[in-house]
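**Q** Below is work-v4.pdb; it holds PDB, C-alpha atoms, pLDDT in the B column.
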```pdb
ATOM      1  CA  MET A   1     -39.298  25.059 -17.123  1.00 64.00           C
ATOM      2  CA  ASN A   2     -39.019  25.932 -13.422  1.00 84.00           C
ATOM      3  CA  VAL A   3     -36.161  27.627 -11.599  1.00 89.00           C
ATOM      4  CA  LYS A   4     -34.969  24.457  -9.843  1.00 90.00           C
ATOM      5  CA  GLU A   5     -34.741  22.591 -13.121  1.00 92.00           C
ATOM      6  CA  GLN A   6     -32.792  25.435 -14.734  1.00 92.00           C
ATOM      7  CA  LEU A   7     -30.426  25.571 -11.757  1.00 93.00           C
ATOM      8  CA  LYS A   8     -29.842  21.815 -11.922  1.00 93.00           C
ATOM      9  CA  GLU A   9     -29.153  22.019 -15.652  1.00 93.00           C
ATOM     10  CA  GLY A  10     -26.691  24.884 -15.288  1.00 93.00           C
ATOM     11  CA  LEU A  11     -24.745  23.324 -12.426  1.00 94.00           C
ATOM     12  CA  VAL A  12     -24.991  19.610 -13.220  1.00 93.00           C
ATOM     13  CA  THR A  13     -26.968  17.942 -16.013  1.00 92.00           C
ATOM     14  CA  LYS A  14     -26.141  20.532 -18.710  1.00 93.00           C
ATOM     15  CA  ASN A  15     -23.044  22.100 -17.201  1.00 95.00           C
ATOM     16  CA  PRO A  16     -21.475  24.089 -20.056  1.00 94.00           C
ATOM     17  CA  VAL A  17     -17.962  22.734 -19.478  1.00 94.00           C
ATOM     18  CA  LEU A  18     -18.266  19.262 -17.974  1.00 94.00           C
ATOM     19  CA  VAL A  19     -21.323  18.072 -19.944  1.00 94.00           C
ATOM     20  CA  GLN A  20     -21.701  20.269 -23.040  1.00 93.00           C
ATOM     21  CA  LEU A  21     -17.886  20.603 -23.382  1.00 91.00           C
ATOM     22  CA  LEU A  22     -18.047  24.282 -24.354  1.00 91.00           C
ATOM     23  CA  GLY A  23     -15.635  27.127 -23.616  1.00 87.00           C
ATOM     24  CA  MET A  24     -12.694  24.771 -23.239  1.00 88.00           C
ATOM     25  CA  CYS A  25      -9.973  27.187 -24.433  1.00 86.00           C
ATOM     26  CA  SER A  26     -10.373  29.682 -21.605  1.00 86.00           C
ATOM     27  CA  VAL A  27     -10.892  26.903 -19.063  1.00 91.00           C
ATOM     28  CA  LEU A  28      -7.566  25.330 -19.967  1.00 91.00           C
ATOM     29  CA  ALA A  29      -5.637  28.578 -20.384  1.00 89.00           C
ATOM     30  CA  ILE A  30      -6.430  30.789 -17.391  1.00 91.00           C
ATOM     31  CA  THR A  31      -7.072  28.343 -14.540  1.00 92.00           C
ATOM     32  CA  THR A  32      -3.652  28.676 -12.894  1.00 89.00           C
ATOM     33  CA  SER A  33      -4.839  30.894 -10.018  1.00 90.00           C
ATOM     34  CA  LEU A  34      -8.080  31.448  -8.130  1.00 91.00           C
ATOM     35  CA  PHE A  35      -7.947  35.164  -8.978  1.00 92.00           C
ATOM     36  CA  ASN A  36      -8.086  34.391 -12.697  1.00 92.00           C
ATOM     37  CA  GLY A  37     -10.862  31.827 -12.329  1.00 93.00           C
ATOM     38  CA  ILE A  38     -13.210  34.011 -10.308  1.00 94.00           C
ATOM     39  CA  GLY A  39     -12.557  37.040 -12.519  1.00 94.00           C
ATOM     40  CA  MET A  40     -13.134  35.163 -15.762  1.00 95.00           C
ATOM     41  CA  GLY A  41     -16.230  33.433 -14.371  1.00 95.00           C
ATOM     42  CA  ILE A  42     -17.841  36.726 -13.342  1.00 96.00           C
ATOM     43  CA  CYS A  43     -17.074  38.311 -16.727  1.00 96.00           C
ATOM     44  CA  VAL A  44     -18.607  35.399 -18.635  1.00 96.00           C
ATOM     45  CA  THR A  45     -21.664  35.272 -16.351  1.00 96.00           C
ATOM     46  CA  VAL A  46     -22.377  38.999 -16.777  1.00 97.00           C
ATOM     47  CA  ILE A  47     -21.927  38.868 -20.551  1.00 97.00           C
ATOM     48  CA  LEU A  48     -23.956  35.672 -20.924  1.00 96.00           C
ATOM     49  CA  THR A  49     -26.853  37.023 -18.872  1.00 97.00           C
ATOM     50  CA  CYS A  50     -26.941  40.398 -20.661  1.00 96.00           C
ATOM     51  CA  CYS A  51     -26.728  38.777 -24.100  1.00 96.00           C
ATOM     52  CA  ASN A  52     -29.488  36.311 -23.266  1.00 96.00           C
ATOM     53  CA  VAL A  53     -31.777  39.143 -22.169  1.00 96.00           C
ATOM     54  CA  VAL A  54     -31.171  41.295 -25.266  1.00 96.00           C
ATOM     55  CA  ILE A  55     -31.400  38.392 -27.708  1.00 96.00           C
ATOM     56  CA  SER A  56     -34.612  37.203 -26.080  1.00 96.00           C
ATOM     57  CA  LEU A  57     -36.068  40.718 -26.407  1.00 95.00           C
ATOM     58  CA  LEU A  58     -35.113  40.868 -30.084  1.00 94.00           C
ATOM     59  CA  ARG A  59     -35.835  37.243 -30.999  1.00 92.00           C
ATOM     60  CA  LYS A  60     -38.927  38.135 -33.044  1.00 91.00           C
ATOM     61  CA  VAL A  61     -37.250  41.079 -34.744  1.00 93.00           C
ATOM     62  CA  ILE A  62     -33.931  39.582 -35.888  1.00 92.00           C
ATOM     63  CA  PRO A  63     -34.280  38.008 -39.380  1.00 92.00           C
ATOM     64  CA  GLN A  64     -33.607  34.287 -39.414  1.00 89.00           C
ATOM     65  CA  LYS A  65     -30.968  34.494 -42.147  1.00 91.00           C
ATOM     66  CA  ILE A  66     -28.708  36.910 -40.254  1.00 93.00           C
ATOM     67  CA  ARG A  67     -29.379  35.757 -36.715  1.00 93.00           C
ATOM     68  CA  ILE A  68     -25.838  34.448 -36.064  1.00 92.00           C
ATOM     69  CA  ALA A  69     -24.254  37.689 -37.279  1.00 93.00           C
ATOM     70  CA  ALA A  70     -26.675  39.672 -35.117  1.00 94.00           C
ATOM     71  CA  TYR A  71     -25.848  37.514 -32.078  1.00 95.00           C
ATOM     72  CA  VAL A  72     -22.119  38.069 -32.599  1.00 94.00           C
ATOM     73  CA  VAL A  73     -22.607  41.855 -32.801  1.00 95.00           C
ATOM     74  CA  ILE A  74     -24.627  41.841 -29.552  1.00 95.00           C
ATOM     75  CA  ILE A  75     -22.065  39.633 -27.814  1.00 96.00           C
ATOM     76  CA  ALA A  76     -19.176  41.803 -29.043  1.00 95.00           C
ATOM     77  CA  GLY A  77     -20.889  44.899 -27.662  1.00 96.00           C
ATOM     78  CA  PHE A  78     -21.206  43.495 -24.162  1.00 96.00           C
ATOM     79  CA  VAL A  79     -17.687  42.007 -24.262  1.00 96.00           C
ATOM     80  CA  THR A  80     -16.315  45.459 -25.109  1.00 96.00           C
ATOM     81  CA  ILE A  81     -18.217  47.039 -22.218  1.00 96.00           C
ATOM     82  CA  VAL A  82     -17.004  44.424 -19.730  1.00 96.00           C
ATOM     83  CA  ASP A  83     -13.435  44.568 -21.046  1.00 96.00           C
ATOM     84  CA  LEU A  84     -13.273  48.351 -20.664  1.00 96.00           C
ATOM     85  CA  CYS A  85     -14.768  48.155 -17.145  1.00 96.00           C
ATOM     86  CA  VAL A  86     -12.201  45.537 -16.098  1.00 96.00           C
ATOM     87  CA  GLN A  87      -9.370  47.645 -17.528  1.00 95.00           C
ATOM     88  CA  ALA A  88     -10.637  50.685 -15.629  1.00 95.00           C
ATOM     89  CA  PHE A  89     -11.467  49.155 -12.248  1.00 95.00           C
ATOM     90  CA  LEU A  90      -9.452  45.901 -12.104  1.00 92.00           C
ATOM     91  CA  PRO A  91      -6.290  46.493 -14.120  1.00 93.00           C
ATOM     92  CA  ALA A  92      -4.496  43.578 -12.434  1.00 91.00           C
ATOM     93  CA  LEU A  93      -7.208  41.184 -13.622  1.00 92.00           C
ATOM     94  CA  SER A  94      -7.140  42.681 -17.113  1.00 93.00           C
ATOM     95  CA  GLU A  95      -3.388  42.212 -17.305  1.00 92.00           C
ATOM     96  CA  SER A  96      -3.601  38.662 -15.957  1.00 90.00           C
ATOM     97  CA  LEU A  97      -6.353  37.500 -18.314  1.00 92.00           C
ATOM     98  CA  GLY A  98      -5.001  39.449 -21.277  1.00 88.00           C
ATOM     99  CA  VAL A  99      -6.578  38.540 -24.591  1.00 90.00           C
ATOM    100  CA  PHE A 100      -8.972  36.017 -23.065  1.00 91.00           C
ATOM    101  CA  ILE A 101     -11.521  38.693 -22.127  1.00 92.00           C
ATOM    102  CA  PRO A 102     -11.890  39.942 -25.747  1.00 92.00           C
ATOM    103  CA  LEU A 103     -11.955  36.305 -26.869  1.00 90.00           C
ATOM    104  CA  ILE A 104     -15.226  35.829 -24.963  1.00 91.00           C
ATOM    105  CA  VAL A 105     -16.786  37.083 -28.227  1.00 90.00           C
ATOM    106  CA  VAL A 106     -16.101  33.660 -29.755  1.00 86.00           C
ATOM    107  CA  ASN A 107     -16.778  31.670 -26.587  1.00 86.00           C
ATOM    108  CA  CYS A 108     -19.051  28.801 -27.616  1.00 88.00           C
ATOM    109  CA  ILE A 109     -21.043  29.027 -24.373  1.00 91.00           C
ATOM    110  CA  ILE A 110     -22.322  32.530 -25.175  1.00 93.00           C
ATOM    111  CA  LEU A 111     -23.253  31.833 -28.784  1.00 91.00           C
ATOM    112  CA  GLY A 112     -24.575  28.369 -27.964  1.00 91.00           C
ATOM    113  CA  ARG A 113     -27.021  29.617 -25.316  1.00 92.00           C
ATOM    114  CA  ALA A 114     -28.091  32.460 -27.604  1.00 92.00           C
ATOM    115  CA  GLU A 115     -28.967  30.057 -30.421  1.00 91.00           C
ATOM    116  CA  ALA A 116     -30.316  27.152 -28.376  1.00 90.00           C
ATOM    117  CA  PHE A 117     -32.144  28.990 -25.589  1.00 93.00           C
ATOM    118  CA  ALA A 118     -32.430  32.803 -25.584  1.00 93.00           C
ATOM    119  CA  SER A 119     -33.744  32.946 -29.159  1.00 92.00           C
ATOM    120  CA  ARG A 120     -36.616  30.611 -28.207  1.00 92.00           C
ATOM    121  CA  ASN A 121     -37.621  31.702 -24.699  1.00 93.00           C
ATOM    122  CA  THR A 122     -38.905  34.703 -22.765  1.00 94.00           C
ATOM    123  CA  VAL A 123     -36.699  37.343 -21.157  1.00 95.00           C
ATOM    124  CA  GLY A 124     -37.065  36.140 -17.557  1.00 94.00           C
ATOM    125  CA  VAL A 125     -36.319  32.510 -18.353  1.00 95.00           C
ATOM    126  CA  SER A 126     -33.388  33.517 -20.583  1.00 95.00           C
ATOM    127  CA  ALA A 127     -31.921  35.720 -17.839  1.00 96.00           C
ATOM    128  CA  LEU A 128     -32.041  32.834 -15.362  1.00 95.00           C
ATOM    129  CA  ASP A 129     -30.459  30.546 -17.931  1.00 95.00           C
ATOM    130  CA  GLY A 130     -27.592  33.004 -18.362  1.00 96.00           C
ATOM    131  CA  ILE A 131     -27.063  33.267 -14.603  1.00 96.00           C
ATOM    132  CA  PHE A 132     -27.179  29.520 -13.924  1.00 96.00           C
ATOM    133  CA  GLN A 133     -25.038  28.547 -16.922  1.00 96.00           C
ATOM    134  CA  GLY A 134     -22.558  31.245 -15.913  1.00 96.00           C
ATOM    135  CA  VAL A 135     -22.451  30.003 -12.334  1.00 96.00           C
ATOM    136  CA  GLY A 136     -21.903  26.435 -13.563  1.00 96.00           C
ATOM    137  CA  TYR A 137     -19.016  27.651 -15.726  1.00 96.00           C
ATOM    138  CA  THR A 138     -17.553  29.666 -12.844  1.00 96.00           C
ATOM    139  CA  LEU A 139     -17.660  26.747 -10.411  1.00 96.00           C
ATOM    140  CA  VAL A 140     -15.711  24.582 -12.839  1.00 96.00           C
ATOM    141  CA  LEU A 141     -13.112  27.347 -13.234  1.00 96.00           C
ATOM    142  CA  ILE A 142     -12.799  27.680  -9.458  1.00 95.00           C
ATOM    143  CA  ALA A 143     -12.415  23.919  -8.989  1.00 95.00           C
ATOM    144  CA  MET A 144      -9.701  23.750 -11.641  1.00 95.00           C
ATOM    145  CA  CYS A 145      -7.920  26.803 -10.240  1.00 94.00           C
ATOM    146  CA  ILE A 146      -7.842  25.401  -6.722  1.00 94.00           C
ATOM    147  CA  ILE A 147      -6.498  22.021  -7.872  1.00 94.00           C
ATOM    148  CA  ARG A 148      -3.871  23.409 -10.254  1.00 94.00           C
ATOM    149  CA  GLU A 149      -2.717  26.258  -8.013  1.00 93.00           C
ATOM    150  CA  LEU A 150      -2.498  24.058  -4.928  1.00 93.00           C
ATOM    151  CA  LEU A 151      -0.674  21.142  -6.563  1.00 93.00           C
ATOM    152  CA  GLY A 152       1.437  23.287  -8.878  1.00 92.00           C
ATOM    153  CA  ALA A 153       2.461  26.229  -6.706  1.00 89.00           C
ATOM    154  CA  GLY A 154       1.532  25.101  -3.200  1.00 91.00           C
ATOM    155  CA  THR A 155      -0.658  28.148  -2.593  1.00 91.00           C
ATOM    156  CA  PHE A 156      -4.352  28.951  -2.269  1.00 91.00           C
ATOM    157  CA  GLY A 157      -5.959  32.214  -3.388  1.00 88.00           C
ATOM    158  CA  ALA A 158      -2.995  33.858  -5.130  1.00 84.00           C
ATOM    159  CA  GLY A 159      -4.033  37.344  -6.214  1.00 82.00           C
ATOM    160  CA  LEU A 160      -6.864  37.451  -3.678  1.00 85.00           C
ATOM    161  CA  LEU A 161      -5.597  36.551  -0.210  1.00 84.00           C
ATOM    162  CA  ASN A 162      -2.621  37.497   1.969  1.00 80.00           C
ATOM    163  CA  GLY A 163      -1.781  40.643   0.035  1.00 76.00           C
ATOM    164  CA  GLY A 164      -2.034  38.879  -3.285  1.00 79.00           C
ATOM    165  CA  ASP A 165       0.542  36.192  -2.501  1.00 81.00           C
ATOM    166  CA  GLY A 166      -2.080  33.665  -1.449  1.00 85.00           C
ATOM    167  CA  ILE A 167      -1.952  31.307   1.511  1.00 90.00           C
ATOM    168  CA  ARG A 168       1.126  29.076   1.415  1.00 90.00           C
ATOM    169  CA  ILE A 169       0.093  25.440   1.969  1.00 90.00           C
ATOM    170  CA  PHE A 170       3.469  23.835   1.335  1.00 88.00           C
ATOM    171  CA  PRO A 171       6.863  25.046   0.044  1.00 89.00           C
ATOM    172  CA  ALA A 172       6.982  25.911  -3.643  1.00 84.00           C
ATOM    173  CA  GLU A 173       9.851  23.489  -4.324  1.00 86.00           C
ATOM    174  CA  TYR A 174       7.520  20.583  -3.550  1.00 85.00           C
ATOM    175  CA  GLY A 175       4.932  21.696  -6.099  1.00 86.00           C
ATOM    176  CA  ALA A 176       4.288  19.766  -9.293  1.00 89.00           C
ATOM    177  CA  MET A 177       5.105  22.463 -11.850  1.00 87.00           C
ATOM    178  CA  LEU A 178       3.463  20.310 -14.511  1.00 88.00           C
ATOM    179  CA  MET A 179       0.057  21.206 -13.029  1.00 91.00           C
ATOM    180  CA  ILE A 180       0.332  24.903 -13.899  1.00 89.00           C
ATOM    181  CA  MET A 181       1.430  24.089 -17.447  1.00 89.00           C
ATOM    182  CA  PRO A 182      -0.974  23.234 -20.317  1.00 87.00           C
ATOM    183  CA  PHE A 183      -0.641  19.496 -19.671  1.00 88.00           C
ATOM    184  CA  GLY A 184      -1.863  20.014 -16.102  1.00 92.00           C
ATOM    185  CA  GLY A 185      -4.943  21.780 -17.425  1.00 93.00           C
ATOM    186  CA  PHE A 186      -5.827  18.841 -19.674  1.00 94.00           C
ATOM    187  CA  ILE A 187      -5.320  16.319 -16.862  1.00 94.00           C
ATOM    188  CA  THR A 188      -7.408  18.311 -14.372  1.00 95.00           C
ATOM    189  CA  LEU A 189     -10.239  18.950 -16.821  1.00 95.00           C
ATOM    190  CA  GLY A 190     -10.287  15.305 -17.895  1.00 94.00           C
ATOM    191  CA  PHE A 191     -10.539  14.208 -14.269  1.00 95.00           C
ATOM    192  CA  LEU A 192     -13.442  16.583 -13.560  1.00 96.00           C
ATOM    193  CA  ILE A 193     -15.310  15.508 -16.721  1.00 96.00           C
ATOM    194  CA  ALA A 194     -14.886  11.846 -15.788  1.00 96.00           C
ATOM    195  CA  LEU A 195     -16.105  12.545 -12.253  1.00 95.00           C
ATOM    196  CA  MET A 196     -19.185  14.382 -13.512  1.00 95.00           C
ATOM    197  CA  GLN A 197     -20.028  11.610 -15.987  1.00 94.00           C
ATOM    198  CA  HIS A 198     -19.679   9.038 -13.214  1.00 94.00           C
ATOM    199  CA  PHE A 199     -22.184  10.830 -10.975  1.00 93.00           C
ATOM    200  CA  LEU A 200     -24.586  11.438 -13.865  1.00 93.00           C
ATOM    201  CA  ARG A 201     -24.480   7.746 -14.804  1.00 93.00           C
ATOM    202  CA  ARG A 202     -25.081   6.679 -11.208  1.00 91.00           C
ATOM    203  CA  GLY A 203     -27.993   9.078 -10.932  1.00 88.00           C
ATOM    204  CA  LYS A 204     -29.499   7.703 -14.141  1.00 89.00           C
ATOM    205  CA  GLU A 205     -29.091   4.110 -12.945  1.00 87.00           C
ATOM    206  CA  LYS A 206     -30.765   4.904  -9.627  1.00 87.00           C
ATOM    207  CA  ALA A 207     -33.671   6.600 -11.424  1.00 84.00           C
ATOM    208  CA  GLU A 208     -34.099   3.543 -13.682  1.00 84.00           C
ATOM    209  CA  GLU A 209     -34.032   1.200 -10.688  1.00 84.00           C
ATOM    210  CA  LYS A 210     -36.660   3.299  -8.935  1.00 82.00           C
ATOM    211  CA  GLU A 211     -38.894   3.174 -12.010  1.00 80.00           C
ATOM    212  CA  ARG A 212     -38.560  -0.607 -12.231  1.00 79.00           C
ATOM    213  CA  SER A 213     -39.383  -1.031  -8.556  1.00 79.00           C
ATOM    214  CA  VAL A 214     -42.524   1.096  -8.945  1.00 74.00           C
ATOM    215  CA  LYS A 215     -43.678  -1.022 -11.902  1.00 64.00           C
TER     216      LYS A 215
END
```
Translate the structure of the given file into structure tokens.
**A**
Amino acid sequence: MNVKEQLKEGLVTKNPVLVQLLGMCSVLAITTSLFNGIGMGICVTVILTCCNVVISLLRKVIPQKIRIAAYVVIIAGFVTIVDLCVQAFLPALSESLGVFIPLIVVNCIILGRAEAFASRNTVGVSALDGIFQGVGYTLVLIAMCIIRELLGAGTFGAGLLNGGDGIRIFPAEYGAMLMIMPFGGFITLGFLIALMQHFLRRGKEKAEEKERSVK
């Protein structure tokens, strides 16, 4: 597997959220501001990459019967490290994300890539998989944050820009408060999944047409 193929899988064809439908809880819960989305995306990417590397290194040592338990212990170790670092250096992010950083331990993306990829591939390939899958996850978070924050609160970049208040696009009273509530998360995620499936289907149809024309 080459780097371009891995990048395409992480961002598009096997995007962890929009195609594999993993890690949905955090995606729906914390995507109310760009600050939350970027912070959560970086945390997951770091943990996913580190776990992939360690699990790939130990893939021939970990007994088959206890592999899931071993993966969870490794994941929990890195989640604890990241959580403590965020609390120490980014307390505002830690307070904003709350319990969702510790809950990365049970994030299906981390465990899924450990079982399906890192346990079967070399360290270098597994590291790239962690990075690209993490970036794909982060981009979805950012897209959802921008849509929900803009339509719900009328701002862009709250917590990051303009002293933390974000850039005001339109008055708050004109915002659709529904978008920053759980229902808004479901609607936004459903729209993005449908959009991704549409483009994937069109790409598949074009590839089939090209094959038929060659024959």
**Q** Give me the residues within 9 Å of A:Tyr71 as a PyMOL selection string, counting all atoms listed in the file and dropping any in the same chain fewer than 4 places off.
**A** chain A and resi 51+55+66-67+75-76+111+114-115
**Q** For a test of reading the model, state the distance in Å between atom CA of A:Ala172 and atom CA of A:Gly154, rounded to one decimal.
**A**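 That distance, rounded to one decimal, is 5.5 Å.
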**Q** Between A:Val123, A:Leu7, A:Val86, A:Ala92, which residue has the minimum interatomic distance to A:Thr49, considering all atoms listed in the file?
**A**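 Selected residue with least distance to A:Thr49: A:Val123.
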**Q** Suppose a student applies the PyMOL selection byres ((chain A and resi 133) around 8) to this structure; what residues should they get, written as a list in words?
**A**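 Expected selection for the PyMOL selection byres ((chain A and resi 133) around 8) here is Glu9, Gly10, Leu11, Asn15, Pro16, Thr45, Asp129, Gly130, Ile131, Phe132, Gly134, Val135, Gly136 and Tyr137 of chain A.
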**Q** Check which residues satisfy the PyMOL selection byres ((chain A and resi 31) around 8) in the file shown, then give them as number ranges by chain.
**A** A: 26-30, 32-34, 36-37, 141-142, 144-145, 148, 185
**Q** For the point (-37.8, 34.9, -25.2) in the file's frame, write as a PyMOL selection string all residues with an atom no more than 9 Å away, counting all atoms listed in the file.
**A** chain A and resi 52-53+55-60+117-126
**Q** Convert the output of the PyMOL selection byres ((chain A and resi 184) around 10) on the shown file into explicit residues, formatted as a VMD selection string.
**A** chain A and resid 28 31 to 32 144 147 to 148 151 to 152 176 to 183 185 to 190
**Q** Can I get the selection written as a compact mmCIF listing (two decimals), keeping the file's coordinate frame, with C-alpha atoms?
**A**
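Result file follows (again.txt):
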```txt
# COMPACT_ATOMS: atom_id res chain seq x y z
CA LEU A 28 -7.57 25.33 -19.97
CA THR A 31 -7.07 28.34 -14.54
CA THR A 32 -3.65 28.68 -12.89
CA MET A 144 -9.70 23.75 -11.64
CA ILE A 147 -6.50 22.02 -7.87
CA ARG A 148 -3.87 23.41 -10.25
CA LEU A 151 -0.67 21.14 -6.56
CA GLY A 152 1.44 23.29 -8.88
CA ALA A 176 4.29 19.77 -9.29
CA MET A 177 5.11 22.46 -11.85
CA LEU A 178 3.46 20.31 -14.51
CA MET A 179 0.06 21.21 -13.03
CA ILE A 180 0.33 24.90 -13.90
CA MET A 181 1.43 24.09 -17.45
CA PRO A 182 -0.97 23.23 -20.32
CA PHE A 183 -0.64 19.50 -19.67
CA GLY A 185 -4.94 21.78 -17.42
CA PHE A 186 -5.83 18.84 -19.67
CA ILE A 187 -5.32 16.32 -16.86
CA THR A 188 -7.41 18.31 -14.37
CA LEU A 189 -10.24 18.95 -16.82
CA GLY A 190 -10.29 15.30 -17.90
```
**Q** For a test of reading the model, state the distance in Å between atom CA of A:Val106 and atom CA of A:Ile42, rounded to one decimal.
**A**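 Atom CA of A:Ile42 lies 16.8 Å from atom CA of A:Val106.
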**Q** Could you check how far atom CA of A:Leu84 sits from atom CA of A:Ile104, in Å to one decimal?
**A** 13.4 Å
**Q** Using only C-alpha atoms, determine which residues lie at most 8 Å from A:Leu93, disregarding the query and same-chain residues fewer than 3 positions distant; provide the list as a ChimeraX atom specification.
**A** /A:35-36,39,86-87,90,96-97
**Q** Hey, which of A:Val105, A:Ile167, A:Ile38, A:Val44 ends up closest to A:Val73? Count all atoms listed in the file.
**A**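 Closest to A:Val73 of all the choices is A:Val105.
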